[in-house]
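Source file: coords.pdb. Holds: PDB, C-alpha atoms.
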```pdb
ATOM      1  CA  MET Z   1     -12.201  -8.744  70.893  1.00  0.00           C
ATOM      2  CA  PRO Z   2     -11.863  -8.339  67.091  1.00  0.00           C
ATOM      3  CA  ALA Z   3     -10.923 -11.236  64.843  1.00  0.00           C
ATOM      4  CA  LEU Z   4      -7.231 -12.102  64.550  1.00  0.00           C
ATOM      5  CA  THR Z   5      -5.588 -12.984  61.246  1.00  0.00           C
ATOM      6  CA  THR Z   6      -2.375 -14.979  61.118  1.00  0.00           C
ATOM      7  CA  GLN Z   7      -0.468 -17.358  58.929  1.00  0.00           C
ATOM      8  CA  ALA Z   8      -0.389 -20.818  60.461  1.00  0.00           C
ATOM      9  CA  ILE Z   9       0.448 -24.472  59.882  1.00  0.00           C
ATOM     10  CA  VAL Z  10      -1.748 -27.220  61.305  1.00  0.00           C
ATOM     11  CA  LEU Z  11       0.433 -29.303  63.626  1.00  0.00           C
ATOM     12  CA  ARG Z  12      -2.317 -31.575  64.921  1.00  0.00           C
ATOM     13  CA  HIS Z  13      -6.057 -32.081  64.876  1.00  0.00           C
ATOM     14  CA  ALA Z  14      -8.393 -33.989  67.173  1.00  0.00           C
ATOM     15  CA  ASP Z  15     -12.021 -34.831  66.560  1.00  0.00           C
ATOM     16  CA  TYR Z  16     -14.411 -32.829  68.688  1.00  0.00           C
ATOM     17  CA  ARG Z  17     -18.094 -33.714  68.625  1.00  0.00           C
ATOM     18  CA  GLU Z  18     -19.562 -35.002  65.383  1.00  0.00           C
ATOM     19  CA  HIS Z  19     -18.488 -32.373  62.867  1.00  0.00           C
ATOM     20  CA  ASP Z  20     -15.815 -30.316  64.642  1.00  0.00           C
ATOM     21  CA  ARG Z  21     -12.086 -30.523  65.215  1.00  0.00           C
ATOM     22  CA  MET Z  22      -9.715 -28.961  67.711  1.00  0.00           C
ATOM     23  CA  LEU Z  23      -6.632 -27.736  65.843  1.00  0.00           C
ATOM     24  CA  THR Z  24      -3.127 -27.101  67.108  1.00  0.00           C
ATOM     25  CA  LEU Z  25      -1.643 -24.361  64.940  1.00  0.00           C
ATOM     26  CA  LEU Z  26       1.836 -22.887  64.634  1.00  0.00           C
ATOM     27  CA  SER Z  27       1.745 -19.152  63.981  1.00  0.00           C
ATOM     28  CA  PRO Z  28       4.886 -17.062  63.315  1.00  0.00           C
ATOM     29  CA  SER Z  29       3.473 -14.173  65.345  1.00  0.00           C
ATOM     30  CA  MET Z  30       1.492 -16.035  68.054  1.00  0.00           C
ATOM     31  CA  GLY Z  31       3.357 -19.311  68.560  1.00  0.00           C
ATOM     32  CA  ARG Z  32       1.268 -22.378  69.370  1.00  0.00           C
ATOM     33  CA  ILE Z  33      -2.501 -21.868  69.175  1.00  0.00           C
ATOM     34  CA  GLU Z  34      -5.330 -24.200  70.126  1.00  0.00           C
ATOM     35  CA  ALA Z  35      -8.395 -23.375  68.048  1.00  0.00           C
ATOM     36  CA  LEU Z  36     -11.793 -24.961  67.513  1.00  0.00           C
ATOM     37  CA  CYS Z  37     -12.790 -25.484  63.884  1.00  0.00           C
ATOM     38  CA  ARG Z  38     -16.564 -25.862  63.792  1.00  0.00           C
ATOM     39  CA  GLY Z  39     -18.263 -27.928  61.105  1.00  0.00           C
ATOM     40  CA  CYS Z  40     -15.020 -28.677  59.294  1.00  0.00           C
ATOM     41  CA  LYS Z  41     -15.731 -32.425  59.032  1.00  0.00           C
ATOM     42  CA  ARG Z  42     -18.841 -31.854  56.927  1.00  0.00           C
ATOM     43  CA  PRO Z  43     -18.164 -32.942  53.311  1.00  0.00           C
ATOM     44  CA  GLN Z  44     -18.923 -29.513  51.808  1.00  0.00           C
ATOM     45  CA  SER Z  45     -17.282 -27.436  54.530  1.00  0.00           C
ATOM     46  CA  PRO Z  46     -14.956 -24.705  53.229  1.00  0.00           C
ATOM     47  CA  LEU Z  47     -12.749 -25.452  56.258  1.00  0.00           C
ATOM     48  CA  LEU Z  48     -12.285 -29.172  55.542  1.00  0.00           C
ATOM     49  CA  SER Z  49      -8.876 -28.822  53.817  1.00  0.00           C
ATOM     50  CA  ALA Z  50      -7.786 -26.148  56.266  1.00  0.00           C
ATOM     51  CA  SER Z  51      -8.280 -28.536  59.187  1.00  0.00           C
ATOM     52  CA  GLU Z  52      -5.959 -31.266  57.867  1.00  0.00           C
ATOM     53  CA  TRP Z  53      -2.408 -31.927  59.068  1.00  0.00           C
ATOM     54  CA  PHE Z  54       0.244 -29.830  57.261  1.00  0.00           C
ATOM     55  CA  ALA Z  55      -2.311 -27.265  55.995  1.00  0.00           C
ATOM     56  CA  LEU Z  56      -0.681 -23.856  55.626  1.00  0.00           C
ATOM     57  CA  GLY Z  57      -2.722 -20.726  55.143  1.00  0.00           C
ATOM     58  CA  GLU Z  58      -4.003 -17.443  56.481  1.00  0.00           C
ATOM     59  CA  TYR Z  59      -6.356 -18.241  59.341  1.00  0.00           C
ATOM     60  CA  VAL Z  60      -8.945 -15.861  60.744  1.00  0.00           C
ATOM     61  CA  LEU Z  61      -9.524 -16.567  64.439  1.00  0.00           C
ATOM     62  CA  PHE Z  62     -12.090 -15.280  66.898  1.00  0.00           C
ATOM     63  CA  ALA Z  63     -11.283 -15.250  70.608  1.00  0.00           C
ATOM     64  CA  GLY Z  64     -14.391 -16.554  72.338  1.00  0.00           C
ATOM     65  CA  LYS Z  65     -15.168 -18.018  75.729  1.00  0.00           C
ATOM     66  CA  GLY Z  66     -11.893 -19.559  76.789  1.00  0.00           C
ATOM     67  CA  HIS Z  67     -10.692 -20.635  73.336  1.00  0.00           C
ATOM     68  CA  MET Z  68     -10.017 -19.510  69.786  1.00  0.00           C
ATOM     69  CA  THR Z  69     -12.369 -20.425  66.950  1.00  0.00           C
ATOM     70  CA  VAL Z  70     -11.391 -20.632  63.281  1.00  0.00           C
ATOM     71  CA  THR Z  71     -13.873 -18.559  61.294  1.00  0.00           C
ATOM     72  CA  SER Z  72     -12.224 -18.763  57.852  1.00  0.00           C
ATOM     73  CA  CYS Z  73      -8.994 -19.698  56.110  1.00  0.00           C
ATOM     74  CA  ASN Z  74      -7.323 -18.816  52.838  1.00  0.00           C
ATOM     75  CA  LEU Z  75      -5.407 -22.054  52.220  1.00  0.00           C
ATOM     76  CA  THR Z  76      -1.982 -21.519  50.676  1.00  0.00           C
ATOM     77  CA  GLU Z  77      -0.514 -25.033  50.682  1.00  0.00           C
ATOM     78  CA  SER Z  78      -1.594 -28.533  51.668  1.00  0.00           C
ATOM     79  CA  PHE Z  79       1.668 -30.378  50.827  1.00  0.00           C
ATOM     80  CA  PHE Z  80      -0.567 -33.057  49.302  1.00  0.00           C
ATOM     81  CA  PRO Z  81       2.275 -35.261  47.907  1.00  0.00           C
ATOM     82  CA  LEU Z  82       3.193 -36.171  51.488  1.00  0.00           C
ATOM     83  CA  ARG Z  83       0.020 -38.264  51.657  1.00  0.00           C
ATOM     84  CA  THR Z  84       1.161 -40.470  48.764  1.00  0.00           C
ATOM     85  CA  ASP Z  85       4.559 -41.461  50.190  1.00  0.00           C
ATOM     86  CA  TYR Z  86       4.461 -43.197  53.568  1.00  0.00           C
ATOM     87  CA  ASP Z  87       8.158 -42.697  54.323  1.00  0.00           C
ATOM     88  CA  ARG Z  88       8.010 -38.956  53.667  1.00  0.00           C
ATOM     89  CA  LEU Z  89       4.729 -38.736  55.577  1.00  0.00           C
ATOM     90  CA  LYS Z  90       6.448 -40.250  58.651  1.00  0.00           C
ATOM     91  CA  HIS Z  91       9.228 -37.687  58.481  1.00  0.00           C
ATOM     92  CA  ALA Z  92       6.818 -34.799  57.969  1.00  0.00           C
ATOM     93  CA  THR Z  93       4.733 -35.909  60.949  1.00  0.00           C
ATOM     94  CA  TYR Z  94       7.882 -36.096  63.058  1.00  0.00           C
ATOM     95  CA  LEU Z  95       8.798 -32.516  62.157  1.00  0.00           C
ATOM     96  CA  LEU Z  96       5.323 -31.399  63.261  1.00  0.00           C
ATOM     97  CA  SER Z  97       5.830 -33.131  66.623  1.00  0.00           C
ATOM     98  CA  VAL Z  98       9.147 -31.330  67.174  1.00  0.00           C
ATOM     99  CA  ALA Z  99       7.579 -27.977  66.319  1.00  0.00           C
ATOM    100  CA  GLU Z 100       4.619 -28.643  68.607  1.00  0.00           C
ATOM    101  CA  ALA Z 101       6.901 -29.587  71.508  1.00  0.00           C
ATOM    102  CA  ALA Z 102       8.994 -26.447  71.064  1.00  0.00           C
ATOM    103  CA  ALA Z 103       6.417 -23.748  70.311  1.00  0.00           C
ATOM    104  CA  GLN Z 104       4.885 -21.829  73.200  1.00  0.00           C
ATOM    105  CA  PRO Z 105       1.511 -20.041  73.273  1.00  0.00           C
ATOM    106  CA  GLY Z 106       1.837 -16.314  72.715  1.00  0.00           C
ATOM    107  CA  GLU Z 107       5.533 -16.398  71.829  1.00  0.00           C
ATOM    108  CA  ARG Z 108       6.732 -15.407  68.365  1.00  0.00           C
ATOM    109  CA  ALA Z 109       8.032 -18.325  66.309  1.00  0.00           C
ATOM    110  CA  VAL Z 110       9.024 -16.762  62.994  1.00  0.00           C
ATOM    111  CA  GLU Z 111      12.196 -18.803  62.481  1.00  0.00           C
ATOM    112  CA  LEU Z 112      10.549 -22.067  63.515  1.00  0.00           C
ATOM    113  CA  PHE Z 113       7.563 -21.419  61.245  1.00  0.00           C
ATOM    114  CA  THR Z 114       9.813 -20.658  58.272  1.00  0.00           C
ATOM    115  CA  LEU Z 115      12.043 -23.681  58.921  1.00  0.00           C
ATOM    116  CA  LEU Z 116       9.052 -26.008  59.199  1.00  0.00           C
ATOM    117  CA  ALA Z 117       7.348 -24.676  56.061  1.00  0.00           C
ATOM    118  CA  ARG Z 118      10.523 -24.987  53.978  1.00  0.00           C
ATOM    119  CA  SER Z 119      11.287 -28.479  55.303  1.00  0.00           C
ATOM    120  CA  LEU Z 120       7.751 -29.694  54.527  1.00  0.00           C
ATOM    121  CA  SER Z 121       8.107 -28.264  51.025  1.00  0.00           C
ATOM    122  CA  ARG Z 122      11.377 -30.147  50.502  1.00  0.00           C
ATOM    123  CA  LEU Z 123       9.774 -33.382  51.679  1.00  0.00           C
ATOM    124  CA  ALA Z 124       6.739 -32.887  49.448  1.00  0.00           C
ATOM    125  CA  TYR Z 125       8.257 -31.502  46.271  1.00  0.00           C
ATOM    126  CA  THR Z 126      11.898 -32.619  45.989  1.00  0.00           C
ATOM    127  CA  ASP Z 127      13.597 -35.981  45.648  1.00  0.00           C
ATOM    128  CA  ARG Z 128      16.192 -35.191  48.307  1.00  0.00           C
ATOM    129  CA  ASP Z 129      16.562 -37.975  50.874  1.00  0.00           C
ATOM    130  CA  ALA Z 130      13.906 -37.666  53.595  1.00  0.00           C
ATOM    131  CA  LYS Z 131      16.345 -38.609  56.362  1.00  0.00           C
ATOM    132  CA  ALA Z 132      18.709 -35.833  55.264  1.00  0.00           C
ATOM    133  CA  ILE Z 133      15.870 -33.281  55.245  1.00  0.00           C
ATOM    134  CA  SER Z 134      14.803 -34.269  58.762  1.00  0.00           C
ATOM    135  CA  ALA Z 135      18.384 -34.235  60.019  1.00  0.00           C
ATOM    136  CA  ALA Z 136      18.929 -30.772  58.530  1.00  0.00           C
ATOM    137  CA  PHE Z 137      15.693 -29.583  60.158  1.00  0.00           C
ATOM    138  CA  LEU Z 138      16.899 -30.797  63.566  1.00  0.00           C
ATOM    139  CA  LEU Z 139      20.286 -29.181  63.030  1.00  0.00           C
ATOM    140  CA  HIS Z 140      18.832 -25.768  62.152  1.00  0.00           C
ATOM    141  CA  PHE Z 141      16.201 -26.150  64.863  1.00  0.00           C
ATOM    142  CA  SER Z 142      18.944 -26.578  67.472  1.00  0.00           C
ATOM    143  CA  ALA Z 143      20.693 -23.476  66.127  1.00  0.00           C
ATOM    144  CA  ILE Z 144      17.627 -21.194  66.207  1.00  0.00           C
ATOM    145  CA  SER Z 145      16.688 -22.551  69.636  1.00  0.00           C
ATOM    146  CA  GLY Z 146      19.992 -21.469  71.158  1.00  0.00           C
ATOM    147  CA  TYR Z 147      21.862 -24.743  71.408  1.00  0.00           C
ATOM    148  CA  ARG Z 148      23.790 -24.968  68.158  1.00  0.00           C
ATOM    149  CA  PRO Z 149      26.142 -27.961  68.475  1.00  0.00           C
ATOM    150  CA  ARG Z 150      29.901 -27.392  68.662  1.00  0.00           C
ATOM    151  CA  LEU Z 151      31.424 -29.109  65.650  1.00  0.00           C
ATOM    152  CA  SER Z 152      35.005 -27.834  65.557  1.00  0.00           C
ATOM    153  CA  HIS Z 153      36.359 -28.174  69.107  1.00  0.00           C
ATOM    154  CA  CYS Z 154      36.049 -30.643  71.943  1.00  0.00           C
ATOM    155  CA  VAL Z 155      33.063 -29.561  73.986  1.00  0.00           C
ATOM    156  CA  ARG Z 156      34.852 -30.343  77.254  1.00  0.00           C
ATOM    157  CA  CYS Z 157      38.489 -29.252  76.894  1.00  0.00           C
ATOM    158  CA  GLY Z 158      38.099 -26.832  73.978  1.00  0.00           C
ATOM    159  CA  ARG Z 159      40.862 -28.351  71.886  1.00  0.00           C
ATOM    160  CA  GLU Z 160      40.420 -28.115  68.121  1.00  0.00           C
ATOM    161  CA  MET Z 161      39.400 -31.493  66.727  1.00  0.00           C
ATOM    162  CA  GLN Z 162      41.231 -33.035  63.784  1.00  0.00           C
ATOM    163  CA  ASP Z 163      39.116 -34.938  61.268  1.00  0.00           C
ATOM    164  CA  GLY Z 164      40.932 -38.193  61.875  1.00  0.00           C
ATOM    165  CA  GLU Z 165      40.094 -38.254  65.574  1.00  0.00           C
ATOM    166  CA  ILE Z 166      36.396 -37.401  65.335  1.00  0.00           C
ATOM    167  CA  ARG Z 167      34.481 -40.384  66.696  1.00  0.00           C
ATOM    168  CA  LEU Z 168      32.031 -39.204  69.364  1.00  0.00           C
ATOM    169  CA  PHE Z 169      29.361 -36.568  69.917  1.00  0.00           C
ATOM    170  CA  ASP Z 170      28.552 -35.660  73.519  1.00  0.00           C
ATOM    171  CA  ILE Z 171      24.741 -35.416  73.777  1.00  0.00           C
ATOM    172  CA  GLU Z 172      24.729 -33.914  77.261  1.00  0.00           C
ATOM    173  CA  ASN Z 173      27.225 -31.132  76.552  1.00  0.00           C
ATOM    174  CA  GLY Z 174      26.301 -30.547  72.928  1.00  0.00           C
ATOM    175  CA  GLY Z 175      29.345 -31.132  70.765  1.00  0.00           C
ATOM    176  CA  LEU Z 176      32.271 -33.229  69.664  1.00  0.00           C
ATOM    177  CA  LEU Z 177      34.243 -35.101  72.270  1.00  0.00           C
ATOM    178  CA  CYS Z 178      37.923 -35.933  72.042  1.00  0.00           C
ATOM    179  CA  GLU Z 179      39.169 -39.320  73.163  1.00  0.00           C
ATOM    180  CA  LYS Z 180      41.091 -37.900  76.111  1.00  0.00           C
ATOM    181  CA  CYS Z 181      37.990 -36.237  77.548  1.00  0.00           C
ATOM    182  CA  HIS Z 182      35.739 -39.208  77.046  1.00  0.00           C
ATOM    183  CA  ILE Z 183      34.932 -41.020  80.309  1.00  0.00           C
ATOM    184  CA  SER Z 184      31.671 -42.841  79.659  1.00  0.00           C
ATOM    185  CA  PHE Z 185      29.734 -43.793  76.521  1.00  0.00           C
ATOM    186  CA  ASN Z 186      26.399 -43.239  78.279  1.00  0.00           C
ATOM    187  CA  GLN Z 187      25.781 -39.815  76.744  1.00  0.00           C
ATOM    188  CA  ALA Z 188      27.944 -40.098  73.618  1.00  0.00           C
ATOM    189  CA  HIS Z 189      26.919 -41.116  70.108  1.00  0.00           C
ATOM    190  CA  PRO Z 190      29.302 -42.397  67.436  1.00  0.00           C
ATOM    191  CA  VAL Z 191      29.836 -39.911  64.599  1.00  0.00           C
ATOM    192  CA  THR Z 192      32.050 -40.024  61.508  1.00  0.00           C
ATOM    193  CA  PRO Z 193      34.214 -37.216  60.076  1.00  0.00           C
ATOM    194  CA  ASP Z 194      32.027 -37.170  56.952  1.00  0.00           C
ATOM    195  CA  GLN Z 195      28.877 -36.702  59.030  1.00  0.00           C
ATOM    196  CA  VAL Z 196      30.508 -33.837  60.927  1.00  0.00           C
ATOM    197  CA  LYS Z 197      31.561 -32.176  57.661  1.00  0.00           C
ATOM    198  CA  TRP Z 198      27.991 -32.524  56.346  1.00  0.00           C
ATOM    199  CA  MET Z 199      26.557 -30.905  59.486  1.00  0.00           C
ATOM    200  CA  ARG Z 200      29.035 -28.040  59.244  1.00  0.00           C
ATOM    201  CA  ASP Z 201      28.133 -27.469  55.590  1.00  0.00           C
ATOM    202  CA  VAL Z 202      24.384 -27.565  56.272  1.00  0.00           C
ATOM    203  CA  LEU Z 203      24.707 -24.976  59.030  1.00  0.00           C
ATOM    204  CA  ALA Z 204      26.918 -22.755  56.887  1.00  0.00           C
ATOM    205  CA  ARG Z 205      25.162 -23.023  53.500  1.00  0.00           C
ATOM    206  CA  GLY Z 206      21.822 -24.763  53.995  1.00  0.00           C
ATOM    207  CA  ILE Z 207      20.759 -28.196  52.799  1.00  0.00           C
ATOM    208  CA  ASP Z 208      19.901 -27.018  49.270  1.00  0.00           C
ATOM    209  CA  LYS Z 209      23.549 -26.059  48.667  1.00  0.00           C
ATOM    210  CA  THR Z 210      25.019 -29.083  50.444  1.00  0.00           C
ATOM    211  CA  ASP Z 211      25.687 -32.469  48.874  1.00  0.00           C
ATOM    212  CA  GLN Z 212      23.810 -35.486  50.084  1.00  0.00           C
ATOM    213  CA  PRO Z 213      25.545 -37.030  53.115  1.00  0.00           C
ATOM    214  CA  PRO Z 214      28.127 -39.642  52.055  1.00  0.00           C
ATOM    215  CA  GLN Z 215      26.399 -42.204  54.268  1.00  0.00           C
ATOM    216  CA  ASN Z 216      23.289 -42.104  56.418  1.00  0.00           C
ATOM    217  CA  ALA Z 217      22.556 -38.615  57.684  1.00  0.00           C
ATOM    218  CA  PRO Z 218      23.186 -38.264  61.442  1.00  0.00           C
ATOM    219  CA  GLY Z 219      19.458 -38.253  62.204  1.00  0.00           C
ATOM    220  CA  PRO Z 220      19.482 -40.504  65.297  1.00  0.00           C
ATOM    221  CA  LEU Z 221      22.256 -38.420  66.862  1.00  0.00           C
ATOM    222  CA  LEU Z 222      20.454 -35.120  66.231  1.00  0.00           C
ATOM    223  CA  ALA Z 223      17.110 -36.571  67.326  1.00  0.00           C
ATOM    224  CA  ALA Z 224      18.662 -37.644  70.636  1.00  0.00           C
ATOM    225  CA  TYR Z 225      20.297 -34.242  71.041  1.00  0.00           C
ATOM    226  CA  VAL Z 226      17.113 -32.250  70.362  1.00  0.00           C
ATOM    227  CA  GLY Z 227      14.944 -34.646  72.372  1.00  0.00           C
ATOM    228  CA  GLU Z 228      17.089 -34.162  75.461  1.00  0.00           C
ATOM    229  CA  ARG Z 229      16.949 -30.369  75.119  1.00  0.00           C
ATOM    230  CA  LEU Z 230      13.168 -30.383  74.738  1.00  0.00           C
ATOM    231  CA  GLU Z 231      12.797 -32.843  77.644  1.00  0.00           C
ATOM    232  CA  LYS Z 232       9.857 -34.414  75.846  1.00  0.00           C
ATOM    233  CA  PRO Z 233       9.638 -37.870  74.223  1.00  0.00           C
ATOM    234  CA  LEU Z 234       9.098 -37.544  70.469  1.00  0.00           C
ATOM    235  CA  LEU Z 235       7.661 -40.353  68.396  1.00  0.00           C
ATOM    236  CA  GLN Z 236      10.273 -41.629  65.903  1.00  0.00           C
ATOM    237  CA  GLU Z 237       9.884 -45.396  65.771  1.00  0.00           C
ATOM    238  CA  GLY Z 238      11.330 -46.733  62.508  1.00  0.00           C
ATOM    239  CA  LEU Z 239      12.083 -43.212  61.267  1.00  0.00           C
ATOM    240  CA  TRP Z 240      15.802 -43.615  60.619  1.00  0.00           C
ATOM    241  CA  LYS Z 241      15.872 -47.203  59.299  1.00  0.00           C
TER     242      LYS Z 241
END
```

Starting from the file, give its structure as structure tokens.
Amino acid sequence: MPALTTQAIVLRHADYREHDRMLTLLSPSMGRIEALCRGCKRPQSPLLSASEWFALGEYVLFAGKGHMTVTSCNLTESFFPLRTDYDRLKHATYLLSVAEAAAQPGERAVELFTLLARSLSRLAYTDRDAKAISAAFLLHFSAISGYRPRLSHCVRCGREMQDGEIRLFDIENGGLLCEKCHISFNQAHPVTPDQVKWMRDVLARGIDKTDQPPQNAPGPLLAAYVGERLEKPLLQEGLWK
């Protein structure tokens, strides 16, 4: 089989033998890829930077005996500033874990790849609040994954919600919940009218054209919502404090 060339972001790496690493890559055309990167831990290896978390570049892969092998990489971006800010590093690592949980081998992931690359760039190169960037990522991720939250009507009865009555978000059913339809708080998260307005604006215009949230971004709510849809536990200890 000839070599394959694809853009990719390194989602994870694991040491393999003395000088090698096994990489988990996100490719827009091939989804999640597991690839062996031989010799990349040697100090002078041209693949050293390309085998680090967050590395984005054009990877050349060879399909060998049961696994892919990275043969070369033209590194485009390392998002190096993330490594100098622990809070932003935590958020960036969390975004990688969401992308890894969602991406499937062999399935195109163009929208997810683009969303992840842009979100990492915002974390690395802007002063926008890291919690807001992560919350916006989760919001757009839910939309491109087919479970965009309902933010205008009660998710159970369908009645249009007035700003003054917005208090709960139904995690299980994926949207706002009016007081009359609420039976149990087990699957509902508190939400404020300002947070709902911010989410609506982010979905409509993007985070770059939306003001900072008037209070904490609804990260815990969106993390719970996405986590339930993925049915996979995602590390987020201390992320939203």

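Proximity ranking of Z:Glu107, Z:Leu177, Z:Ser51, Z:Asp129 relative to Asn74 in chain Z places Z:Ser51 first, based on all atoms listed in the file.
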
Open item on the list: What would the selection look like, as a ChimeraX atom specification, if the PyMOL selection byres ((chain Z and resi 12) around 6) were run on the coordinates I just shared?
Closed with: /Z:10-11,13,23-24,53

- [ ] Write out as a ChimeraX atom specification each polymer residue whose atoms come within 10 Å of Leu115 in chain Z, counting only C-alpha atoms; drop sequence neighbours fewer than 4 positions from it.
- [x] /Z:95,99,109-111,119-121,136-138,140-141,144

- [ ] Excluding Leu47 in chain Z and residues on its chain fewer than 6 positions from it, collect all residues at most 7 Å away from it, counting all atoms listed in the file, and give them as a list in words.
- [x]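 Counting only the stated atoms, we get Cys40, Ser72 and Cys73 of chain Z.
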
Keeping only C-alpha atoms, take the residues you just selected and write them out as a JSON list (two decimals), in the frame of the given file.
```
[["chain", "number", "residue", "atom", "x", "y", "z"],
["Z", 40, "CYS", "CA", -15.02, -28.68, 59.29],
["Z", 72, "SER", "CA", -12.22, -18.76, 57.85],
["Z", 73, "CYS", "CA", -8.99, -19.70, 56.11]]
```

- [ ] Could you tell me which of Z:Arg118, Z:Val191, Z:Glu231, Z:Ala143 comes closest to Ile207 in chain Z if we count only C-alpha atoms?
- [x]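 The shortest atom-to-atom distance to Ile207 in chain Z comes from Z:Arg118.
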
Open item on the list: As an exercise, work out the distance from CA of Lys41 in chain Z to CA of Ala63 in chain Z in Å and give it to one decimal place.
Closed with: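 According to the coordinates, CA of Lys41 in chain Z and CA of Ala63 in chain Z are separated by 21.2 Å.
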
Open item on the list: One decimal, in Å: what's the spacing between CA of Leu75 in chain Z and CA of Ala55 in chain Z?
Closed with: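 Rounded to one decimal, the two atoms are 7.1 Å apart.
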
Open item on the list: Once the PyMOL selection byres ((chain Z and resi 211) around 12) is applied to the coordinates I shared, what remains selected? I want it as number ranges by chain.
Closed with: Z: 128-129, 132-133, 136, 194-195, 197-202, 205-210, 212-215, 217

Task: Atomic separation - CA of Ala188 in chain Z relative to CA of Gly174 in chain Z, Å - done: 9.7 Å

- [ ] Counting all atoms listed in the file, figure out which residue out of Z:Ala101, Z:Ala130, Z:Val60, Z:Leu151 gets nearest to Asp87 in chain Z.
- [x] Z:Ala130

For range 201-206 of chain Z, which lacks atoms in the input, supply all heavy atoms and format the output as an mmCIF file, in the coordinates of the input.
```
data_model
loop_
_atom_site.group_PDB
_atom_site.id
_atom_site.type_symbol
_atom_site.label_atom_id
_atom_site.label_comp_id
_atom_site.auth_asym_id
_atom_site.auth_seq_id
_atom_site.Cartn_x
_atom_site.Cartn_y
_atom_site.Cartn_z
ATOM 1 N N ASP Z 201 28.546 -28.062 56.861
ATOM 2 C CA ASP Z 201 28.133 -27.469 55.590
ATOM 3 C C ASP Z 201 26.666 -27.055 55.617
ATOM 4 O O ASP Z 201 26.292 -25.999 55.088
ATOM 5 C CB ASP Z 201 28.378 -28.454 54.445
ATOM 6 C CG ASP Z 201 29.849 -28.641 54.126
ATOM 7 O OD1 ASP Z 201 30.666 -27.824 54.602
ATOM 8 O OD2 ASP Z 201 30.185 -29.613 53.411
ATOM 9 N N VAL Z 202 25.810 -27.887 56.203
ATOM 10 C CA VAL Z 202 24.384 -27.565 56.272
ATOM 11 C C VAL Z 202 24.168 -26.297 57.089
ATOM 12 O O VAL Z 202 23.371 -25.421 56.709
ATOM 13 C CB VAL Z 202 23.583 -28.737 56.870
ATOM 14 C CG1 VAL Z 202 22.158 -28.305 57.208
ATOM 15 C CG2 VAL Z 202 23.535 -29.906 55.884
ATOM 16 N N LEU Z 203 24.850 -26.174 58.211
ATOM 17 C CA LEU Z 203 24.707 -24.976 59.030
ATOM 18 C C LEU Z 203 25.244 -23.741 58.325
ATOM 19 O O LEU Z 203 24.700 -22.641 58.471
ATOM 20 C CB LEU Z 203 25.442 -25.164 60.364
ATOM 21 C CG LEU Z 203 24.728 -26.036 61.399
ATOM 22 C CD1 LEU Z 203 25.648 -26.286 62.595
ATOM 23 C CD2 LEU Z 203 23.432 -25.381 61.874
ATOM 24 N N ALA Z 204 26.288 -23.902 57.550
ATOM 25 C CA ALA Z 204 26.918 -22.755 56.887
ATOM 26 C C ALA Z 204 26.187 -22.346 55.618
ATOM 27 O O ALA Z 204 26.046 -21.150 55.328
ATOM 28 C CB ALA Z 204 28.377 -23.073 56.573
ATOM 29 N N ARG Z 205 25.691 -23.342 54.829
ATOM 30 C CA ARG Z 205 25.162 -23.023 53.500
ATOM 31 C C ARG Z 205 23.718 -23.440 53.284
ATOM 32 O O ARG Z 205 23.098 -23.050 52.293
ATOM 33 C CB ARG Z 205 26.033 -23.691 52.434
ATOM 34 C CG ARG Z 205 27.500 -23.269 52.466
ATOM 35 C CD ARG Z 205 28.246 -23.828 51.282
ATOM 36 N NE ARG Z 205 28.280 -25.291 51.302
ATOM 37 C CZ ARG Z 205 28.551 -26.045 50.228
ATOM 38 N NH1 ARG Z 205 28.754 -25.462 49.061
ATOM 39 N NH2 ARG Z 205 28.593 -27.346 50.332
ATOM 40 N N GLY Z 206 23.170 -24.260 54.191
ATOM 41 C CA GLY Z 206 21.822 -24.763 53.995
ATOM 42 C C GLY Z 206 21.834 -26.076 53.241
ATOM 43 O O GLY Z 206 22.760 -26.374 52.478
#
```
